[in-house]
Amino acid sequence: MKTLTQSLSHLKKAVLLVVCLGSFAAAQAQEVKIGLVNSERIMRESAPAKAAEAKIESEFSRRRKDLLDFSARLKAMAEKFDKDMPVISEADRIKRQRELADLDQDFQRKQRAFREDLNQRRNEEIAAVVDKASKAIKQIAEGEHYDLIIQDAVFISPRVDITEKVLQALNSGK
């Protein structure tokens with residue numbers, strides 16, 4: 001019985017503590033200015049993000065085209081090989097299979113290198129956009145006296161959403 005009484009006493013103290021903390025937090029929340037930013041929207045709509053995407057596209061368009069050409073050529077060679085297989089000699093078939101396998105390995109290597117280079121450049125450009133966005137957010141926070149700015153919440157009320165302000169700052173080049 002004594003342990004039940006002690007548990008109830010502890011529970012009463014915990015409830016009292018929660019109520020006190022809740023009251024304190026509510027009083028403090030009225031004085032705190034909070035803003036929320038949608039990072040996905042910043043990365044999709046801001047001028048720096050669009051410029052970064054265009055820059056990456058121009059840097060990699062030639063390599064992308066070369067890979068597509070290589071792939072088409074490899075496919076055409078494989079189709080020709082399949083068509084010619086019944087009429088070619090065993091030695092010629094083995095030689096052409098080896099050539100196709102070597103070309104396919106070369107294509108796979110080039111494709112992997114392309115993806116790695118593209119991902120690295122994309123990450124570099126994203127980091128630059130994130131840096132610019134962070135500076136814009138910090139300027140807005142300091143200029144408008146925000147106490148807290150949160151990025152990527154599950155729900156953002158239009159009342160505290162400052163994404164549009166950040167977009168305007170980024171698009172104006174500030």
# chains A, B, ... in the order shown; residues from 1 in each chain; ligands from 1
$ select_by_dssp --residues "region 8-123 of chain A" --states "strand (DSSP E)" --output "list of chain:residue names"
A:Ile34, A:Gly35, A:Leu36, A:Val37
$ write_last_selection --atoms "N, CA and C atoms" --output "PDB file, in the first residue's frame"
ATOM      1  N   ILE A  34       8.773  33.451 -34.047  1.00  0.00           N
ATOM      2  CA  ILE A  34       9.231  32.262 -34.746  1.00  0.00           C
ATOM      3  C   ILE A  34       8.880  32.372 -36.221  1.00  0.00           C
ATOM      4  N   GLY A  35       9.815  31.922 -37.064  1.00  0.00           N
ATOM      5  CA  GLY A  35       9.573  31.855 -38.496  1.00  0.00           C
ATOM      6  C   GLY A  35       9.906  30.464 -39.005  1.00  0.00           C
ATOM      7  N   LEU A  36       9.229  30.061 -40.049  1.00  0.00           N
ATOM      8  CA  LEU A  36       9.467  28.753 -40.644  1.00  0.00           C
ATOM      9  C   LEU A  36       9.791  28.916 -42.120  1.00  0.00           C
ATOM     10  N   VAL A  37      10.688  28.075 -42.625  1.00  0.00           N
ATOM     11  CA  VAL A  37      11.121  28.134 -44.019  1.00  0.00           C
ATOM     12  C   VAL A  37      10.970  26.756 -44.642  1.00  0.00           C
TER      13      VAL A  37
END
$ residues_around --residues "Val129 (chain A)" --least-positions-apart "5" --cutoff "8 Å" --atoms "only C-alpha atoms" --output "list in words"
Met43, Pro48, Ala49 and Ala52 of chain A
$ residues_around --residues "Ala133 (chain A)" --least-positions-apart "4" --cutoff "10 Å" --atoms "only C-alpha atoms" --output "ChimeraX atom specification"
/A:39,42-43,46,48-49,127-129,137-139,166-167,169-170,174
$ write_last_selection --atoms "all heavy atoms" --output "short mmCIF file (atom, residue, chain, number, x, y, z; two decimals), in the first residue's frame"
data_model
loop_
_atom_site.label_atom_id
_atom_site.label_comp_id
_atom_site.auth_asym_id
_atom_site.auth_seq_id
_atom_site.Cartn_x
_atom_site.Cartn_y
_atom_site.Cartn_z
N SER A 39 12.48 24.54 -47.13
CA SER A 39 13.73 24.39 -47.89
C SER A 39 13.50 23.80 -49.27
O SER A 39 14.18 24.17 -50.23
CB SER A 39 14.71 23.49 -47.13
OG SER A 39 15.08 24.10 -45.95
N ILE A 42 12.59 26.52 -51.54
CA ILE A 42 13.76 27.35 -51.81
C ILE A 42 14.61 26.69 -52.90
O ILE A 42 15.04 27.33 -53.85
CB ILE A 42 14.61 27.56 -50.53
CG1 ILE A 42 13.82 28.28 -49.44
CG2 ILE A 42 15.92 28.27 -50.85
CD1 ILE A 42 13.40 29.68 -49.75
N MET A 43 14.83 25.37 -52.77
CA MET A 43 15.67 24.65 -53.74
C MET A 43 14.98 24.50 -55.10
O MET A 43 15.64 24.27 -56.10
CB MET A 43 16.04 23.27 -53.19
CG MET A 43 16.91 23.33 -51.95
SD MET A 43 18.40 24.34 -52.13
CE MET A 43 19.33 23.39 -53.29
N SER A 46 14.05 29.19 -56.13
CA SER A 46 14.95 30.34 -56.02
C SER A 46 15.81 30.50 -57.27
O SER A 46 16.15 29.52 -57.94
CB SER A 46 15.84 30.23 -54.78
OG SER A 46 16.79 29.21 -54.95
N PRO A 48 19.04 31.33 -57.44
CA PRO A 48 20.32 30.62 -57.35
C PRO A 48 20.19 29.12 -57.62
O PRO A 48 21.06 28.52 -58.25
CB PRO A 48 20.80 30.88 -55.92
CG PRO A 48 20.13 32.15 -55.51
CD PRO A 48 18.80 32.12 -56.21
N ALA A 49 19.10 28.51 -57.17
CA ALA A 49 18.90 27.07 -57.41
C ALA A 49 18.67 26.80 -58.89
O ALA A 49 19.22 25.85 -59.45
CB ALA A 49 17.73 26.55 -56.58
N ALA A 127 25.25 22.89 -52.13
CA ALA A 127 25.89 23.48 -50.94
C ALA A 127 25.99 25.00 -51.08
O ALA A 127 25.78 25.73 -50.11
CB ALA A 127 27.27 22.86 -50.72
N ALA A 128 26.31 25.47 -52.28
CA ALA A 128 26.40 26.92 -52.51
C ALA A 128 25.03 27.58 -52.35
O ALA A 128 24.92 28.66 -51.74
CB ALA A 128 26.99 27.20 -53.88
N VAL A 129 23.99 26.94 -52.86
CA VAL A 129 22.64 27.49 -52.73
C VAL A 129 22.21 27.49 -51.26
O VAL A 129 21.64 28.48 -50.78
CB VAL A 129 21.63 26.71 -53.60
CG1 VAL A 129 20.20 27.16 -53.33
CG2 VAL A 129 21.96 26.88 -55.08
N ILE A 137 18.41 33.89 -44.77
CA ILE A 137 17.57 33.62 -43.60
C ILE A 137 18.12 34.35 -42.38
O ILE A 137 17.37 34.97 -41.62
CB ILE A 137 17.48 32.10 -43.34
CG1 ILE A 137 16.67 31.42 -44.45
CG2 ILE A 137 16.87 31.81 -41.97
CD1 ILE A 137 16.77 29.91 -44.46
N LYS A 138 19.43 34.32 -42.23
CA LYS A 138 20.05 35.00 -41.09
C LYS A 138 19.81 36.51 -41.17
O LYS A 138 19.50 37.15 -40.16
CB LYS A 138 21.54 34.70 -41.04
CG LYS A 138 22.21 35.25 -39.80
CD LYS A 138 23.64 34.81 -39.69
CE LYS A 138 24.22 35.40 -38.41
NZ LYS A 138 25.59 35.03 -38.19
N GLN A 139 19.93 37.09 -42.37
CA GLN A 139 19.67 38.53 -42.52
C GLN A 139 18.23 38.86 -42.17
O GLN A 139 17.97 39.85 -41.47
CB GLN A 139 19.93 38.97 -43.97
CG GLN A 139 21.37 39.18 -44.30
CD GLN A 139 21.55 39.66 -45.74
OE1 GLN A 139 20.76 39.33 -46.62
NE2 GLN A 139 22.60 40.43 -45.97
N VAL A 166 12.42 34.82 -47.99
CA VAL A 166 13.75 34.25 -48.33
C VAL A 166 13.91 34.17 -49.84
O VAL A 166 14.96 34.53 -50.37
CB VAL A 166 13.93 32.86 -47.66
CG1 VAL A 166 15.24 32.24 -48.09
CG2 VAL A 166 13.85 32.99 -46.14
N LEU A 167 12.86 33.75 -50.53
CA LEU A 167 12.91 33.68 -52.00
C LEU A 167 13.15 35.05 -52.60
O LEU A 167 13.96 35.21 -53.52
CB LEU A 167 11.61 33.07 -52.55
CG LEU A 167 11.47 31.56 -52.44
CD1 LEU A 167 10.05 31.13 -52.79
CD2 LEU A 167 12.47 30.86 -53.33
N ALA A 169 14.63 37.59 -51.18
CA ALA A 169 16.00 37.99 -50.88
C ALA A 169 16.99 37.27 -51.81
O ALA A 169 17.92 37.89 -52.34
CB ALA A 169 16.34 37.69 -49.43
N LEU A 170 16.78 35.99 -52.04
CA LEU A 170 17.66 35.24 -52.92
C LEU A 170 17.54 35.69 -54.37
O LEU A 170 18.53 35.81 -55.08
CB LEU A 170 17.36 33.74 -52.83
CG LEU A 170 17.83 33.03 -51.57
CD1 LEU A 170 17.26 31.62 -51.51
CD2 LEU A 170 19.35 32.99 -51.52
N LYS A 174 20.47 39.50 -52.75
CA LYS A 174 20.95 40.00 -51.45
C LYS A 174 21.69 38.95 -50.70
O LYS A 174 21.46 37.80 -50.75
CB LYS A 174 19.78 40.51 -50.61
CG LYS A 174 19.18 41.78 -51.16
CD LYS A 174 18.08 42.25 -50.24
CE LYS A 174 17.44 43.51 -50.77
NZ LYS A 174 16.36 43.97 -49.95
#
$ closest_residue --among "A:Ile126, A:Leu67, A:Ile94, A:Ile140" --to "Asp106 (chain A)" --atoms "only C-alpha atoms"
A:Leu67
$ decode --residues "region 124-167 of chain A" --atoms "N, CA and C atoms" --output "PDB file, in the first residue's frame"
ATOM      1  N   GLU A 124      27.994  20.114 -54.863  1.00  0.00           N
ATOM      2  CA  GLU A 124      28.719  21.381 -54.701  1.00  0.00           C
ATOM      3  C   GLU A 124      27.785  22.562 -54.938  1.00  0.00           C
ATOM      4  N   GLU A 125      26.993  22.477 -55.991  1.00  0.00           N
ATOM      5  CA  GLU A 125      26.069  23.575 -56.306  1.00  0.00           C
ATOM      6  C   GLU A 125      24.972  23.701 -55.254  1.00  0.00           C
ATOM      7  N   ILE A 126      24.472  22.579 -54.777  1.00  0.00           N
ATOM      8  CA  ILE A 126      23.449  22.611 -53.719  1.00  0.00           C
ATOM      9  C   ILE A 126      24.021  23.240 -52.457  1.00  0.00           C
ATOM     10  N   ALA A 127      25.252  22.893 -52.127  1.00  0.00           N
ATOM     11  CA  ALA A 127      25.889  23.476 -50.941  1.00  0.00           C
ATOM     12  C   ALA A 127      25.994  24.996 -51.079  1.00  0.00           C
ATOM     13  N   ALA A 128      26.309  25.470 -52.283  1.00  0.00           N
ATOM     14  CA  ALA A 128      26.405  26.917 -52.505  1.00  0.00           C
ATOM     15  C   ALA A 128      25.034  27.579 -52.347  1.00  0.00           C
ATOM     16  N   VAL A 129      23.990  26.943 -52.855  1.00  0.00           N
ATOM     17  CA  VAL A 129      22.635  27.493 -52.728  1.00  0.00           C
ATOM     18  C   VAL A 129      22.209  27.488 -51.262  1.00  0.00           C
ATOM     19  N   VAL A 130      22.493  26.410 -50.563  1.00  0.00           N
ATOM     20  CA  VAL A 130      22.148  26.318 -49.139  1.00  0.00           C
ATOM     21  C   VAL A 130      22.865  27.412 -48.357  1.00  0.00           C
ATOM     22  N   ASP A 131      24.123  27.665 -48.691  1.00  0.00           N
ATOM     23  CA  ASP A 131      24.885  28.716 -48.025  1.00  0.00           C
ATOM     24  C   ASP A 131      24.240  30.088 -48.261  1.00  0.00           C
ATOM     25  N   LYS A 132      23.880  30.362 -49.514  1.00  0.00           N
ATOM     26  CA  LYS A 132      23.219  31.640 -49.824  1.00  0.00           C
ATOM     27  C   LYS A 132      21.883  31.753 -49.097  1.00  0.00           C
ATOM     28  N   ALA A 133      21.124  30.661 -49.069  1.00  0.00           N
ATOM     29  CA  ALA A 133      19.827  30.675 -48.386  1.00  0.00           C
ATOM     30  C   ALA A 133      20.007  30.897 -46.888  1.00  0.00           C
ATOM     31  N   SER A 134      21.009  30.254 -46.312  1.00  0.00           N
ATOM     32  CA  SER A 134      21.265  30.427 -44.877  1.00  0.00           C
ATOM     33  C   SER A 134      21.618  31.872 -44.549  1.00  0.00           C
ATOM     34  N   LYS A 135      22.424  32.493 -45.413  1.00  0.00           N
ATOM     35  CA  LYS A 135      22.766  33.910 -45.200  1.00  0.00           C
ATOM     36  C   LYS A 135      21.533  34.796 -45.317  1.00  0.00           C
ATOM     37  N   ALA A 136      20.666  34.503 -46.300  1.00  0.00           N
ATOM     38  CA  ALA A 136      19.441  35.289 -46.463  1.00  0.00           C
ATOM     39  C   ALA A 136      18.522  35.113 -45.254  1.00  0.00           C
ATOM     40  N   ILE A 137      18.408  33.890 -44.774  1.00  0.00           N
ATOM     41  CA  ILE A 137      17.573  33.621 -43.602  1.00  0.00           C
ATOM     42  C   ILE A 137      18.124  34.352 -42.384  1.00  0.00           C
ATOM     43  N   LYS A 138      19.433  34.323 -42.226  1.00  0.00           N
ATOM     44  CA  LYS A 138      20.046  35.004 -41.087  1.00  0.00           C
ATOM     45  C   LYS A 138      19.808  36.511 -41.169  1.00  0.00           C
ATOM     46  N   GLN A 139      19.926  37.093 -42.366  1.00  0.00           N
ATOM     47  CA  GLN A 139      19.665  38.526 -42.524  1.00  0.00           C
ATOM     48  C   GLN A 139      18.227  38.864 -42.165  1.00  0.00           C
ATOM     49  N   ILE A 140      17.285  38.044 -42.629  1.00  0.00           N
ATOM     50  CA  ILE A 140      15.879  38.278 -42.310  1.00  0.00           C
ATOM     51  C   ILE A 140      15.650  38.130 -40.815  1.00  0.00           C
ATOM     52  N   ALA A 141      16.233  37.108 -40.211  1.00  0.00           N
ATOM     53  CA  ALA A 141      16.064  36.885 -38.772  1.00  0.00           C
ATOM     54  C   ALA A 141      16.587  38.061 -37.963  1.00  0.00           C
ATOM     55  N   GLU A 142      17.764  38.564 -38.336  1.00  0.00           N
ATOM     56  CA  GLU A 142      18.338  39.695 -37.607  1.00  0.00           C
ATOM     57  C   GLU A 142      17.567  40.980 -37.886  1.00  0.00           C
ATOM     58  N   GLY A 143      17.208  41.201 -39.138  1.00  0.00           N
ATOM     59  CA  GLY A 143      16.514  42.442 -39.510  1.00  0.00           C
ATOM     60  C   GLY A 143      15.107  42.544 -38.942  1.00  0.00           C
ATOM     61  N   GLU A 144      14.439  41.400 -38.814  1.00  0.00           N
ATOM     62  CA  GLU A 144      13.055  41.421 -38.324  1.00  0.00           C
ATOM     63  C   GLU A 144      12.927  40.870 -36.902  1.00  0.00           C
ATOM     64  N   HIS A 145      14.072  40.667 -36.244  1.00  0.00           N
ATOM     65  CA  HIS A 145      14.123  40.274 -34.837  1.00  0.00           C
ATOM     66  C   HIS A 145      13.405  38.958 -34.539  1.00  0.00           C
ATOM     67  N   TYR A 146      13.704  37.957 -35.339  1.00  0.00           N
ATOM     68  CA  TYR A 146      13.182  36.619 -35.057  1.00  0.00           C
ATOM     69  C   TYR A 146      14.035  35.979 -33.980  1.00  0.00           C
ATOM     70  N   ASP A 147      13.380  35.229 -33.106  1.00  0.00           N
ATOM     71  CA  ASP A 147      14.090  34.491 -32.059  1.00  0.00           C
ATOM     72  C   ASP A 147      14.469  33.093 -32.533  1.00  0.00           C
ATOM     73  N   LEU A 148      13.679  32.567 -33.458  1.00  0.00           N
ATOM     74  CA  LEU A 148      13.890  31.198 -33.911  1.00  0.00           C
ATOM     75  C   LEU A 148      13.383  31.056 -35.338  1.00  0.00           C
ATOM     76  N   ILE A 149      14.212  30.460 -36.194  1.00  0.00           N
ATOM     77  CA  ILE A 149      13.805  30.124 -37.556  1.00  0.00           C
ATOM     78  C   ILE A 149      13.956  28.612 -37.683  1.00  0.00           C
ATOM     79  N   ILE A 150      12.901  27.963 -38.132  1.00  0.00           N
ATOM     80  CA  ILE A 150      12.908  26.501 -38.293  1.00  0.00           C
ATOM     81  C   ILE A 150      12.766  26.192 -39.778  1.00  0.00           C
ATOM     82  N   GLN A 151      13.559  25.243 -40.246  1.00  0.00           N
ATOM     83  CA  GLN A 151      13.455  24.796 -41.631  1.00  0.00           C
ATOM     84  C   GLN A 151      12.784  23.439 -41.662  1.00  0.00           C
ATOM     85  N   ASP A 152      11.944  23.227 -42.671  1.00  0.00           N
ATOM     86  CA  ASP A 152      11.354  21.929 -42.978  1.00  0.00           C
ATOM     87  C   ASP A 152      10.528  21.333 -41.852  1.00  0.00           C
ATOM     88  N   ALA A 153       9.469  22.004 -41.500  1.00  0.00           N
ATOM     89  CA  ALA A 153       8.519  21.465 -40.540  1.00  0.00           C
ATOM     90  C   ALA A 153       7.478  20.638 -41.297  1.00  0.00           C
ATOM     91  N   VAL A 154       6.773  19.795 -40.599  1.00  0.00           N
ATOM     92  CA  VAL A 154       5.731  18.979 -41.207  1.00  0.00           C
ATOM     93  C   VAL A 154       4.599  19.873 -41.699  1.00  0.00           C
ATOM     94  N   PHE A 155       4.275  20.885 -40.935  1.00  0.00           N
ATOM     95  CA  PHE A 155       3.231  21.833 -41.308  1.00  0.00           C
ATOM     96  C   PHE A 155       3.744  23.234 -41.032  1.00  0.00           C
ATOM     97  N   ILE A 156       3.500  24.137 -41.966  1.00  0.00           N
ATOM     98  CA  ILE A 156       3.913  25.524 -41.788  1.00  0.00           C
ATOM     99  C   ILE A 156       2.681  26.403 -41.953  1.00  0.00           C
ATOM    100  N   SER A 157       2.332  27.096 -40.900  1.00  0.00           N
ATOM    101  CA  SER A 157       1.222  28.030 -40.959  1.00  0.00           C
ATOM    102  C   SER A 157       1.650  29.245 -41.778  1.00  0.00           C
ATOM    103  N   PRO A 158       0.785  29.726 -42.647  1.00  0.00           N
ATOM    104  CA  PRO A 158       1.129  30.923 -43.436  1.00  0.00           C
ATOM    105  C   PRO A 158       1.496  32.128 -42.553  1.00  0.00           C
ATOM    106  N   ARG A 159       1.003  32.117 -41.334  1.00  0.00           N
ATOM    107  CA  ARG A 159       1.278  33.218 -40.409  1.00  0.00           C
ATOM    108  C   ARG A 159       2.757  33.308 -40.048  1.00  0.00           C
ATOM    109  N   VAL A 160       3.451  32.172 -39.988  1.00  0.00           N
ATOM    110  CA  VAL A 160       4.857  32.173 -39.603  1.00  0.00           C
ATOM    111  C   VAL A 160       5.787  31.770 -40.746  1.00  0.00           C
ATOM    112  N   ASP A 161       5.223  31.491 -41.918  1.00  0.00           N
ATOM    113  CA  ASP A 161       6.022  31.062 -43.074  1.00  0.00           C
ATOM    114  C   ASP A 161       6.757  32.272 -43.669  1.00  0.00           C
ATOM    115  N   ILE A 162       8.087  32.233 -43.643  1.00  0.00           N
ATOM    116  CA  ILE A 162       8.873  33.326 -44.217  1.00  0.00           C
ATOM    117  C   ILE A 162       9.575  32.894 -45.502  1.00  0.00           C
ATOM    118  N   THR A 163       9.136  31.775 -46.077  1.00  0.00           N
ATOM    119  CA  THR A 163       9.762  31.256 -47.293  1.00  0.00           C
ATOM    120  C   THR A 163       9.737  32.288 -48.412  1.00  0.00           C
ATOM    121  N   GLU A 164       8.629  32.974 -48.568  1.00  0.00           N
ATOM    122  CA  GLU A 164       8.514  33.968 -49.644  1.00  0.00           C
ATOM    123  C   GLU A 164       9.526  35.104 -49.448  1.00  0.00           C
ATOM    124  N   LYS A 165       9.743  35.512 -48.218  1.00  0.00           N
ATOM    125  CA  LYS A 165      10.739  36.557 -47.936  1.00  0.00           C
ATOM    126  C   LYS A 165      12.135  36.078 -48.311  1.00  0.00           C
ATOM    127  N   VAL A 166      12.421  34.825 -47.993  1.00  0.00           N
ATOM    128  CA  VAL A 166      13.746  34.253 -48.327  1.00  0.00           C
ATOM    129  C   VAL A 166      13.908  34.167 -49.837  1.00  0.00           C
ATOM    130  N   LEU A 167      12.858  33.746 -50.534  1.00  0.00           N
ATOM    131  CA  LEU A 167      12.907  33.676 -51.998  1.00  0.00           C
ATOM    132  C   LEU A 167      13.148  35.055 -52.600  1.00  0.00           C
TER     133      LEU A 167
END
